[in-house]
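What follows is a short report on a single structure.
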Amino acid sequence: MPKRTQEQAGETRRAIFDAARQQFETEGYAGASIASIVAAAGTTKGALFHHFASKEALFLEVWKSLQLKMDLEARAAAAVGRSKEDPYAAMLAGTRAYFKWAATPAYQQIVLIDGRAVMGLARWQENDDRLGRNNVEQGVRYLARKGLISEEGVVPLSVMLLNALNGAGFALTRKDPGITADTLFDAFEKLLRGLR
């Protein structure tokens, strides 16, 4: 394939992806049609199906992209947040980044609401666990190395903390009274510092 044709194909794919992300955020998965996505991308259904096998496949790429961007930002925040005086600081900095993402309309609609509806709860949890538990487990393992948490508690506590974070994200999507990214962060900090 000539270089310009490859570039054009890449541009078309990006345009479809960007249009789909916007449509999934504002209209939800059910409300976003193939026709509306290709119209917003300025392309054709044939082009969409050349790059993505189905609407669901396109959605899953958008879902994963948001998760990976959030993951990257949380890791970067944790790296910056490291402190010799406070062993909890890095994990808490990463958690604050997660709550910032979980409060955004795109993350709420695509990752937390429609993600479960499109994938089903079991597949959503499997994918979320694959992407998120490693980060949580690294943080908990670090606390174990510092003697703040027992080594045998690392894996079960990682599972519990990841699910606490997800539950907090779902509470944000419901707009429960008294629930904000800041109140959730404060509660998570108390929870984390209280673990033994």
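Identifiers in this document derive from the order of the structure tokens: chains are assigned A, B, ..., residues are numbered from 1 separately in each chain, and ligands are numbered from 1 in order of occurrence.
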Using only C-alpha atoms, find each residue of segment 36-126 of chain A with at least one atom at most 8 Å away from an atom of segment 18-23 of chain A; report its shortest atom-to-atom pair and that distance in Å (one decimal), sort the rows by chain and rising residue number, and return the result as CSV.
residue,atom,partner,partner_atom,distance
A:Ser36,CA,A:Gln23,CA,7.7
A:Ile37,CA,A:Ala20,CA,5.4
A:Val38,CA,A:Ala19,CA,7.5
A:Ala40,CA,A:Ala19,CA,5.7
A:Ala41,CA,A:Ala19,CA,5.4
A:Leu58,CA,A:Ala20,CA,7.6
A:Phe59,CA,A:Ala20,CA,7.5
A:Val62,CA,A:Arg21,CA,6.1
Which residues, written as a list in words, have at least one atom at most 8 Å from segment 149-164 of chain A, with only C-alpha atoms counted and residues fewer than 3 positions away on the same chain left out?
Asp129, Gly132, Arg133, Val136, Glu137, Val140, Arg141, Leu143, Ala144, Arg145, Lys146, Gly167, Ala168, Leu195 and Arg196 of chain A
Contacts of Asp71 of chain A at 10 Å or less, counting only C-alpha atoms, minus same-chain residues fewer than 2 places along, as an mmCIF file with C-alpha atoms, in the first residue's frame?
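The resulting file, around_24.cif, is reproduced below:
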data_model
loop_
_atom_site.group_PDB
_atom_site.id
_atom_site.type_symbol
_atom_site.label_atom_id
_atom_site.label_comp_id
_atom_site.auth_asym_id
_atom_site.auth_seq_id
_atom_site.Cartn_x
_atom_site.Cartn_y
_atom_site.Cartn_z
ATOM 1 C CA SER A 65 -8.684 3.466 24.997
ATOM 2 C CA LEU A 66 -10.334 5.401 27.832
ATOM 3 C CA GLN A 67 -9.231 2.795 30.356
ATOM 4 C CA LEU A 68 -5.644 2.902 29.098
ATOM 5 C CA LYS A 69 -5.540 6.723 29.145
ATOM 6 C CA GLU A 73 -2.494 9.171 33.989
ATOM 7 C CA ALA A 74 -2.946 7.292 37.277
ATOM 8 C CA ARG A 75 0.498 5.694 36.948
ATOM 9 C CA ALA A 76 2.092 9.042 36.135
ATOM 10 C CA ALA A 77 0.366 10.657 39.122
ATOM 11 C CA GLY A 94 -3.022 7.449 41.470
ATOM 12 C CA ALA A 97 -6.342 10.601 39.147
ATOM 13 C CA TYR A 98 -8.849 7.732 38.844
ATOM 14 C CA TRP A 101 -11.528 10.411 35.343
ATOM 15 C CA LEU A 131 -6.405 -3.413 33.247
ATOM 16 C CA GLY A 132 -6.746 -2.198 36.829
ATOM 17 C CA ASN A 135 -1.865 -1.132 39.542
#
Quick one: pick out all alpha helix (DSSP H) residues within chain A from a backbone DSSP run and write them as a ChimeraX atom specification.
/A:3-31,34-41,45-51,55-81,89-102,105-106,115-119,121-145,154-174,181-194
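Picture a line from atom CA of His51 of chain A to atom CA of Trp124 of chain A; it runs 23.1 Å.
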Between atom CA of Phe185 of chain A and atom CA of Gly120 of chain A - distance in Å to one decimal:
27.4 Å
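Our summary of the geometry notes that atom CA of Tyr142 of chain A is positioned 18.5 Å from atom CA of Leu165 of chain A.
Excluding segment 102-108 of chain A and any residue on its chain fewer than 3 positions from it, the residues at most 7 Å away by only C-alpha atoms are Glu25, Leu66, Tyr98, Phe99, Val111, Leu112, Ile113, Gly169, Leu172, Thr173 and Ala181 of chain A.
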Residue with smallest distance to Met70 of chain A - pool A:His50, A:Lys45, A:Arg116, A:Arg96, counting only C-alpha atoms:
A:Arg96
